[in-house]
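Below: entry.txt (compact mmCIF, C-alpha atoms)
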```txt
# COMPACT_ATOMS: atom_id res chain seq x y z
CA MET A 846 48.93 97.67 164.28
CA GLU A 847 47.72 98.14 167.84
CA THR A 848 44.55 99.95 166.78
CA TYR A 849 43.61 97.11 164.43
CA LEU A 850 44.21 94.57 167.15
CA LYS A 851 42.19 96.57 169.70
CA GLU A 852 39.25 96.88 167.31
CA ALA A 853 39.40 93.16 166.50
CA LEU A 854 39.52 92.27 170.20
CA GLU A 855 36.41 94.37 170.90
CA ILE A 856 34.50 92.61 168.12
CA VAL A 857 35.59 89.14 169.29
CA LYS A 858 34.79 90.04 172.90
CA ALA A 859 31.24 90.94 171.87
CA GLN A 860 30.94 87.72 169.85
CA ALA A 861 32.26 85.59 172.74
CA SER A 862 29.70 87.10 175.12
CA VAL A 863 26.90 85.89 172.83
CA ARG A 864 28.11 82.34 172.15
CA THR A 865 30.70 79.92 173.49
CA MET A 866 33.93 79.88 171.53
CA THR A 867 37.02 77.69 171.73
CA GLU A 868 40.46 79.18 172.23
CA ASP A 869 41.39 78.39 168.61
CA GLU A 870 38.24 80.07 167.30
CA ILE A 871 38.95 83.22 169.32
CA THR A 872 42.58 83.38 168.20
CA THR A 873 41.70 82.76 164.55
CA MET A 874 38.89 85.30 164.62
CA VAL A 875 41.07 88.01 166.20
CA LYS A 876 43.79 87.46 163.59
CA LYS A 877 41.34 87.39 160.70
CA LEU A 878 39.51 90.51 161.87
CA SER A 879 42.66 92.54 162.58
CA ASP A 880 44.05 91.60 159.15
CA GLY A 881 40.72 92.48 157.55
CA ILE A 882 40.50 95.85 159.29
CA ARG A 883 44.09 96.61 158.28
CA ALA A 884 43.37 95.58 154.66
CA ILE A 885 40.39 97.94 154.55
CA SER A 886 42.42 100.79 156.06
CA GLU A 887 45.49 100.20 153.89
CA PRO A 888 44.28 98.98 150.45
CA GLY A 889 47.76 98.04 149.14
CA LEU A 890 48.13 95.19 151.64
CA ALA A 891 45.06 93.23 150.49
CA GLU A 892 46.80 91.42 147.60
CA ALA A 893 49.87 90.47 149.63
CA GLU A 894 47.81 89.08 152.53
CA GLU A 895 45.61 86.96 150.28
CA SER A 896 48.39 84.53 149.34
CA THR A 897 49.24 83.59 152.95
CA GLU A 898 47.54 80.75 154.79
CA ILE A 899 44.82 81.64 157.30
CA ILE A 900 44.99 78.43 159.37
CA ASP A 901 47.32 75.47 159.85
CA PRO A 902 46.17 72.66 157.48
CA LYS A 903 46.71 70.05 160.20
CA LYS A 904 44.17 71.81 162.44
CA ALA A 905 41.64 72.56 159.67
CA ILE A 906 39.65 69.31 159.90
CA LYS A 907 37.83 69.28 163.24
CA GLU A 908 35.02 67.28 164.80
CA LYS A 909 32.12 69.50 163.72
CA SER A 910 33.70 71.72 161.06
CA ILE A 911 36.35 71.95 158.38
CA THR A 912 38.07 75.26 157.77
CA CYS A 913 39.15 76.34 154.29
CA VAL A 914 42.89 76.95 154.57
CA VAL A 915 42.75 79.56 151.80
CA CYS A 916 40.07 81.92 153.14
CA GLY A 917 39.46 80.75 156.72
CA LYS A 918 35.70 80.12 156.36
CA THR A 919 34.26 77.10 158.17
CA PHE A 920 31.97 74.47 156.65
CA LYS A 921 30.76 70.94 157.29
CA LEU A 922 32.31 69.96 153.96
CA LEU A 923 34.43 71.74 151.38
CA THR A 924 32.63 71.64 148.06
CA LYS A 925 34.15 71.69 144.57
CA LYS A 926 32.28 74.95 143.97
CA HIS A 927 33.90 76.67 146.97
CA LEU A 928 37.37 75.44 146.04
CA ALA A 929 36.78 76.58 142.44
CA SER A 930 36.19 80.10 143.78
CA HIS A 931 39.86 79.97 144.85
CA GLY A 932 40.92 78.50 141.50
CA LEU A 933 41.57 75.03 142.97
CA SER A 934 40.26 71.53 142.36
CA THR A 935 39.91 69.10 145.26
CA GLU A 936 43.06 67.27 144.15
CA ALA A 937 45.04 70.52 143.85
CA TYR A 938 43.80 71.66 147.29
CA ARG A 939 44.89 68.38 148.91
CA GLU A 940 48.28 68.49 147.19
CA ARG A 941 48.91 72.18 147.95
CA TYR A 942 48.20 71.86 151.68
CA GLY A 943 49.76 68.43 152.28
CA TYR A 944 46.70 66.20 152.66
CA LYS A 945 46.95 62.57 151.55
CA LYS A 946 45.39 61.72 148.19
CA GLY A 947 42.14 60.19 149.49
CA THR A 948 41.56 62.48 152.47
CA PRO A 949 37.88 63.48 152.58
CA LEU A 950 37.32 67.23 152.86
CA VAL A 951 34.51 66.70 155.39
CA CYS A 952 34.27 67.26 159.16
CA LYS A 953 34.85 64.14 161.25
CA ALA A 954 31.28 63.90 162.60
CA LEU A 955 29.72 64.00 159.12
CA GLN A 956 32.27 61.48 157.86
CA ARG A 957 31.38 59.08 160.68
CA GLU A 958 27.63 59.61 160.08
CA ARG A 959 27.97 58.83 156.37
CA ARG A 960 30.08 55.73 157.04
CA LYS A 961 27.48 54.43 159.52
CA LYS A 962 24.62 55.04 157.06
CA MET A 963 26.45 53.19 154.27
CA GLN A 964 27.10 50.23 156.58
CA GLU A 965 23.41 50.15 157.52
CA MET A 966 22.38 50.18 153.84
CA ARG A 967 24.65 47.19 153.09
CA LEU A 968 24.67 47.93 149.37
CA TRP A 969 27.35 45.29 148.73
CA GLU A 970 24.85 42.56 149.72
CA ARG A 971 22.08 43.86 147.44
CA ARG A 972 24.34 44.02 144.40
CA GLY A 973 24.65 40.20 144.24
CA GLN A 974 20.87 39.56 144.21
```
Spit out the file's structure as structure tokens when you get a sec.
Amino acid sequence: METYLKEALEIVKAQASVRTMTEDEITTMVKKLSDGIRAISEPGLAEAEESTEIIDPKKAIKEKSITCVVCGKTFKLLTKKHLASHGLSTEAYRERYGYKKGTPLVCKALQRERRKKMQEMRLWERRGQ
């Protein structure tokens, strides 16, 4: 295990020297890389690791990104197409990871931007005309 962790730390160290990273990003990246290196080295572990969660669902929706709890990739919004690649619908994803029924699978900044744009458009006033 130590060799996988050392290799992952070297990769993350190189990445952190190129761009600024938060503590959560560094920790998540080290874990993901060490697990990935181990899965490549020991092929039998790949199927067992795939079923476990990569990130805590409560921490997945951030200001500028949302992280897929299944695979650990970050996006601005989780699309139906991406969730379908994991065999999930948006409703099933929300239910499986404990999100409320109407929770948008979008980063907070984009959610705020969309809300502001809709308020500026004032579609509810145009509908009556």
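Across the model, the gap from atom CA of Arg959 of chain A to atom CA of Cys913 of chain A is 20.9 Å.
Distance-wise, atom CA of Glu940 of chain A and atom CA of Pro902 of chain A end up 11.3 Å apart.
Distance annotation: of A:Leu922, A:Leu850, A:Glu855, A:Val863, the residue with the minimal separation from Ser879 of chain A is A:Leu850; atom set is only C-alpha atoms.
Separating atom CA of Leu923 of chain A from atom CA of Leu854 of chain A is a distance of 28.3 Å.
Considering the residues A:Ile900, A:Leu950, A:Met966, A:Leu933 and counting all atoms listed in the file, Lys876 of chain A has its shortest atom-to-atom contact with A:Ile900.
For the choices A:Val915, A:Thr948, A:Glu868, A:Ile882, the atom-to-atom distance to Ala929 of chain A is smallest for A:Val915 when using only C-alpha atoms.
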Pick from A:Met963, A:Glu970, A:Thr919, A:Met874 nearest to Gln860 of chain A, counting only C-alpha atoms: A:Met874
Best match for closeness to Gly943 of chain A among A:Ser930, A:Cys916, A:Ala905, A:Trp969, counting only C-alpha atoms: A:Ala905
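Nearest to Thr935 of chain A of all the residues A:Thr848, A:Gly947, A:Lys909, A:Lys858 is A:Gly947, counting all atoms listed in the file.
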Within 10 Å of Pro949 of chain A using only C-alpha atoms, minus same-chain residues under 3 positions, as JSON, numbers by chain: {"A": [906, 922, 923, 935, 939, 944, 945, 946, 952, 953, 956]}
As lines of an AutoDock Vina configuration file, please report the centre and edge lengths, rounded to one decimal in Å, of the axis-aligned box that holds all listed atoms of segment 938-955 of chain A with 4 Å of padding on each of the six sides.
```
center_x = 39.7
center_y = 66.2
center_z = 154.9
size_x = 28.0
size_y = 20.0
size_z = 23.4
```
